[in-house]
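Heads up, the thing below is written out as structure tokens.
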Amino acid sequence: MSVALAACTPTPTPEPTPDPLASYTGQKLNWAACDPTILGTTDDLELFQELGDRLRCADMSVPANWAKPDSTSVSVSLIRVAAAAPSKRQGAIFFNPGGPGGDGLGFAPYFASFWESSANTMPNAAGLKQMAAEFDLIGFSPRGVGASSRLYCGSNELAAPINPPASDRSDANVNNMIRLGKLIAQSCQKNPVTPLINTDATARDLNLARQLLGDQKLNYIGYSYGTWLGSWYAKLFPANTGRMLLDGNMSWNETMEDAFGLQPAAFERDFRDAVAPFLARQNSVLGLGATGAQVYGAQTSLSQPLQSIMGNYIAQLMYGREEMPLIGLLLKPAVVIDGVIKAKPQASLDELLALSTQQTYFSVPELNGLGVQLAQMLLFQRDQELNAQPFGVEMDSFSSTFTAITCNDTSWKQTLAGARARDDQDAKNFPLIGGSSVSNPCLQWKGGPSVQQPSLPGDMPPVLMLQNELDPATPQEGALRALNSTPSAKMILIDDEPQHAAFPYGTDCVDGPITKYFLTGQLPAGKLSTCDAKALRSGETVVPVKTLKVQGGKLCAAQPTLSAQSLSQQRLTLARNETRRIIEDNARAFFLPKLNLKDAALKIENCQ
């Protein structure tokens with residue numbers, strides 16, 4: 001009897017397995033008016049008003065750990081400028097400025113203002129305007145930074161002062177660098193959020209944003225580290241990758257160690273081969289020497305720590321072509337005041353400050369006031385370096401996220417002994433920034449990377465690469481290795497261009513194929529195509545763009561004056577400059593001191 005009853009009992013239907021991602025993929029983005037200070041400034045109210053209802057902000061909930069999506073969540077902040085012609089909308093373009101650790105939230109409003117402006121006179125202005133008409137522009141704060149859930153690293157321990165790494169190769173100084181790297185690694189790894197801040201997670205955050213927008217494919221423009229992120233996404237989600245521009249390319253099929261290892265030589269090359277010859281051509285104003293070798297020697301002959309201070313300034317100013325003339329304006333006062341220091345090596349700071357007012361810095365008398373200001377600024381910084389005190393390991397969200405991603409993404413295999421041996425060579429051959437890689441916290445990162453770098457898939461989608469030949473931060477060697485190891489990739493190389501990243505560049509040869517690609521999907525025909533760098537207004541074919549002169553007692557460059565431009569042109573200039581600033585700021589390595597020249601009133605005006 002019991003057997004018969006058992007035979008008649010129906011088999012229970014198994015309960016459906018809950019989708020752990022359902023709460024995330026099913027969420028609705030609450031697009032609302034943006035707080036006018038969402039970009040961290042009070043300067044954007046007019047811009048936000050100009051964009052009107054097309055500009056909206058939203059916070060997206062994402063899994064803190066994509067491998068365990070049913071655990072806690074974090075927030076990712078988005079800004080959207082809706083396509084100006086909704087009926088022609090082709091999708092959305094996401095932006096990333098680099099870093100890693102850069103906040104790309106502002107790209108949407110700044111690029112929208114720049115691309116749509118009727119005052120934009122770039123050769124491909126119509127193509128840029130059409131891109132803004134047919135695509136939503138999406139800026140976002142990657143997890144760890146900006147208006148998203150932030151990461152901070154810090155601890156109570158004090159790091160010892162570090163002497164200029166290129167000149168002090170003593171055991172004591174090297175050990176201080178090693179200890180700094182250890183303290184940074186320890187402080188970051190004490191934070192339980194740190195393993196969750198990596199490129200794999202950010203790529204998956206991007207894919208979720210794409211899904212929530214209702215787009216089948218993700219279109220993307222990434223600068224510097226943004227090329228690493230974009231390529232990671234394409235390798236992870238090839239079927240969902242749309243039109244992708246990677247500008248200023250890391251060696252993104254290799255490791256972080258490979259990519260960053262190229263920088264000391266590249267910065268030295270760019271300074272020696274591009275910047276120094278340019279400054280030599282300004283010898284009538286700057287007086288640093290008539291040849292590139294003489295200008296290069298002016299920097300390398302500075303005494304320490306002045307040489308190290310100037311090395312950091314030079315490296316930072318090399319990110320943008322428009323800032324390169326400022327290198328000469330800083331280097332000349334450094335040379336002059338260094339001569340005073342060498343003549344009076346025992347002089348106190350007060351004595352040197354007094355002597356600085358008696359020097360002649362430039363052949364143009366109107367510039368000598370600026371020379372005094374800059375010389376005194378450098379003297380104060382020199383004094384701080386000579387009397388440096390132990391400092392706390394306290395990192396902002398950018399530096400913390402930079403550390404987490406560079407250490408979490410791929411393995412760092414070099415030993416401390418190997419790093420020191422390499423630093424000894426870099427300090428000798430590349431003194432501008434070489435000699436300090438032994439302080440990299442990734443060399444002492446416990447447990448290795450927290451994610452697995454995706455391999456190149458067989459169906460890797462086509463991507464378009466843009467690369468400057470003399471880019472100091474993402475050197476051509478790494479970019480070409482990425483190109484040659486990716487059959488579906490194509491590259492536009494800007495011959496002789498020394499700045500970091502480029503688009504929109506302002507020439508038909510560069511911007512024409514890029515705007516065509518985004519608007520039609522058509523890539524350039526060849527694997528590698530080459531464009532010339534923008535010429536100087538004086539007709540020279542070697543960059544950077546500005547030629548210095550003195551007019552009306554002011555230092556200026558042969559460009560149309562801003563004061564003669566319309567309000568819309570001023571707004572265009574500000575928008576373009578801001579996007580350039582975002583790219584440059586977020587490409588700089590976190591260990592370089594922040595450049596602060598506001599008190600010195602250092603500027604180059606535009607000639608009428």
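Labels for the structure tokens follow display order: chains A, B, ..., residues from 1 in each chain, ligands from 1.
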How close does range 103-126 of chain A get to range 502-517 of chain A? List, as CSV, each residue of range 103-126 of chain A within 9 Å, its nearest atom pair and the distance in Å to one decimal, counting only C-alpha atoms.
residue,atom,partner,partner_atom,distance
A:Thr121,CA,A:Gly506,CA,8.9
A:Met122,CA,A:Gly506,CA,5.3
A:Pro123,CA,A:Asp508,CA,5.8
A:Asn124,CA,A:Gly512,CA,6.1
A:Ala125,CA,A:Gly506,CA,8.7
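Around Glu50 in chain A, within 12 Å and counting only C-alpha atoms, the residues found are A:Asp44, A:Leu45, A:Glu46, A:Leu47, A:Phe48, A:Gly52, A:Asp53, A:Arg54, A:Leu55, A:Val81, A:Pro109, A:Tyr110, A:Ala112, A:Ser113, A:Phe114, A:Glu116, A:Ser117, A:Ser568, A:Arg571, once anything fewer than 2 positions away on its own chain is removed.
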Margin query: Give me, as a VMD selection string, the residues of range 335-464 of chain A that a backbone DSSP run labels alpha helix (DSSP H).
Written below: chain A and resid 335 to 343 349 to 356 368 to 386 397 to 408 416 to 429
Note to self: Residues within 10 Å of Arg481 in chain A, please, as a ChimeraX atom specification. Count only C-alpha atoms; anything in the same chain fewer than 2 positions from it doesn't count.
What the structure shows: /A:249-254,476-479,483-486
I need the chosen residues saved as an mmCIF file, in the first residue's frame, with N, CA and C atoms.
data_model
loop_
_atom_site.group_PDB
_atom_site.id
_atom_site.type_symbol
_atom_site.label_atom_id
_atom_site.label_comp_id
_atom_site.auth_asym_id
_atom_site.auth_seq_id
_atom_site.Cartn_x
_atom_site.Cartn_y
_atom_site.Cartn_z
ATOM 1 N N ASN A 249 48.379 55.324 -25.541
ATOM 2 C CA ASN A 249 48.175 53.927 -25.176
ATOM 3 C C ASN A 249 49.252 53.349 -24.284
ATOM 4 N N MET A 250 48.808 52.699 -23.217
ATOM 5 C CA MET A 250 49.671 51.831 -22.442
ATOM 6 C C MET A 250 49.895 50.536 -23.243
ATOM 7 N N SER A 251 50.857 49.755 -22.817
ATOM 8 C CA SER A 251 51.056 48.440 -23.454
ATOM 9 C C SER A 251 50.032 47.483 -22.856
ATOM 10 N N TRP A 252 48.786 47.594 -23.337
ATOM 11 C CA TRP A 252 47.661 47.012 -22.611
ATOM 12 C C TRP A 252 47.466 45.518 -22.801
ATOM 13 N N ASN A 253 48.328 44.852 -23.553
ATOM 14 C CA ASN A 253 48.312 43.383 -23.579
ATOM 15 C C ASN A 253 49.403 42.801 -22.693
ATOM 16 N N GLU A 254 50.125 43.678 -21.984
ATOM 17 C CA GLU A 254 51.213 43.244 -21.114
ATOM 18 C C GLU A 254 50.823 43.500 -19.665
ATOM 19 N N GLN A 476 55.657 55.290 -27.138
ATOM 20 C CA GLN A 476 55.300 54.633 -28.391
ATOM 21 C C GLN A 476 55.673 53.147 -28.382
ATOM 22 N N GLU A 477 56.744 52.772 -27.670
ATOM 23 C CA GLU A 477 57.153 51.374 -27.659
ATOM 24 C C GLU A 477 56.039 50.472 -27.135
ATOM 25 N N GLY A 478 55.431 50.866 -26.013
ATOM 26 C CA GLY A 478 54.345 50.069 -25.452
ATOM 27 C C GLY A 478 53.107 50.098 -26.317
ATOM 28 N N ALA A 479 52.821 51.271 -26.894
ATOM 29 C CA ALA A 479 51.645 51.388 -27.761
ATOM 30 C C ALA A 479 51.781 50.508 -28.997
ATOM 31 N N LEU A 483 49.509 47.408 -30.388
ATOM 32 C CA LEU A 483 48.989 47.365 -31.755
ATOM 33 C C LEU A 483 49.378 46.062 -32.448
ATOM 34 N N ASN A 484 50.644 45.719 -32.390
ATOM 35 C CA ASN A 484 51.140 44.562 -33.137
ATOM 36 C C ASN A 484 50.651 43.235 -32.568
ATOM 37 N N SER A 485 50.255 43.227 -31.303
ATOM 38 C CA SER A 485 49.762 41.985 -30.696
ATOM 39 C C SER A 485 48.244 41.858 -30.787
ATOM 40 N N THR A 486 47.584 42.847 -31.429
ATOM 41 C CA THR A 486 46.124 42.846 -31.546
ATOM 42 C C THR A 486 45.735 42.928 -33.015
#
Next item on the list: Choose the residue, out of A:Ala201, A:Ala132, A:Ile582, A:Ala172, that has the smallest atom-to-atom separation from Pro69 in chain A; count only C-alpha atoms.
Entry: A:Ala201
Margin query: Need to verify the contact set: Val76 in chain A, 7 Å, only C-alpha atoms, exclusion of same-chain residues closer than 6 positions in sequence. Can you return it as an NGL selection string?
Written below: :A and (59-61 or 141-143 or 148-149)
Using the selection just defined, write its residues with all heavy atoms as a compact mmCIF listing (two decimals), in the first residue's frame.
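File part12.txt, as written:
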# COMPACT_ATOMS: atom_id res chain seq x y z
N ASP A 59 23.10 58.10 -9.83
CA ASP A 59 23.98 57.19 -9.11
C ASP A 59 23.54 55.76 -9.41
O ASP A 59 22.35 55.43 -9.27
CB ASP A 59 23.92 57.46 -7.60
CG ASP A 59 24.57 58.79 -7.23
OD1 ASP A 59 25.63 59.10 -7.80
OD2 ASP A 59 24.00 59.51 -6.39
N MET A 60 24.50 54.94 -9.80
CA MET A 60 24.22 53.55 -10.16
C MET A 60 24.75 52.64 -9.05
O MET A 60 25.88 52.78 -8.61
CB MET A 60 24.91 53.22 -11.49
CG MET A 60 24.77 51.79 -11.95
SD MET A 60 25.55 51.51 -13.58
CE MET A 60 27.29 51.76 -13.19
N SER A 61 23.92 51.72 -8.62
CA SER A 61 24.33 50.74 -7.61
C SER A 61 24.98 49.55 -8.31
O SER A 61 24.42 48.99 -9.25
CB SER A 61 23.10 50.29 -6.81
OG SER A 61 23.48 49.35 -5.82
N SER A 141 32.46 58.77 -12.62
CA SER A 141 33.51 58.62 -11.61
C SER A 141 33.72 57.14 -11.38
O SER A 141 32.82 56.47 -10.87
CB SER A 141 33.11 59.29 -10.29
OG SER A 141 32.92 60.67 -10.42
N PRO A 142 34.86 56.57 -11.76
CA PRO A 142 35.09 55.15 -11.47
C PRO A 142 35.04 54.87 -9.97
O PRO A 142 35.31 55.77 -9.16
CB PRO A 142 36.49 54.90 -12.03
CG PRO A 142 36.71 55.99 -13.04
CD PRO A 142 35.98 57.17 -12.49
N ARG A 143 34.68 53.65 -9.62
CA ARG A 143 34.67 53.29 -8.20
C ARG A 143 36.01 53.66 -7.57
O ARG A 143 37.08 53.46 -8.13
CB ARG A 143 34.39 51.80 -8.02
CG ARG A 143 35.36 50.87 -8.73
CD ARG A 143 35.16 49.43 -8.32
NE ARG A 143 33.85 48.90 -8.66
CZ ARG A 143 33.29 47.85 -8.07
NH1 ARG A 143 33.95 47.18 -7.12
NH2 ARG A 143 32.11 47.42 -8.44
N SER A 148 31.69 58.91 -6.74
CA SER A 148 31.36 57.51 -6.46
C SER A 148 31.88 57.14 -5.07
O SER A 148 32.48 57.95 -4.37
CB SER A 148 32.00 56.60 -7.52
OG SER A 148 31.46 56.87 -8.80
N SER A 149 31.63 55.90 -4.65
CA SER A 149 32.16 55.43 -3.38
C SER A 149 33.68 55.50 -3.42
O SER A 149 34.31 54.95 -4.32
CB SER A 149 31.71 53.98 -3.12
OG SER A 149 30.30 53.90 -3.04
Checklist line | Proximity to Trp232 in chain A - best of A:Ala354, A:Met460, A:Gly526, A:Gln316, only C-alpha atoms | finding: A:Met460
Notebook entry, point to check: Do you know which residues are at most 6 Å from Ala280 in chain A counting only C-alpha atoms, after dropping those on the same chain fewer than 5 positions away, and could you put them as a PyMOL selection string?
Noted result: chain A and resi 289-292
Note to self: I'd like to know which residues of range 248-491 of chain A are strand (DSSP E) (by DSSP, run on the backbone); could you write them as a PyMOL selection string?
What the structure shows: chain A and resi 391-395+463-468+489-491
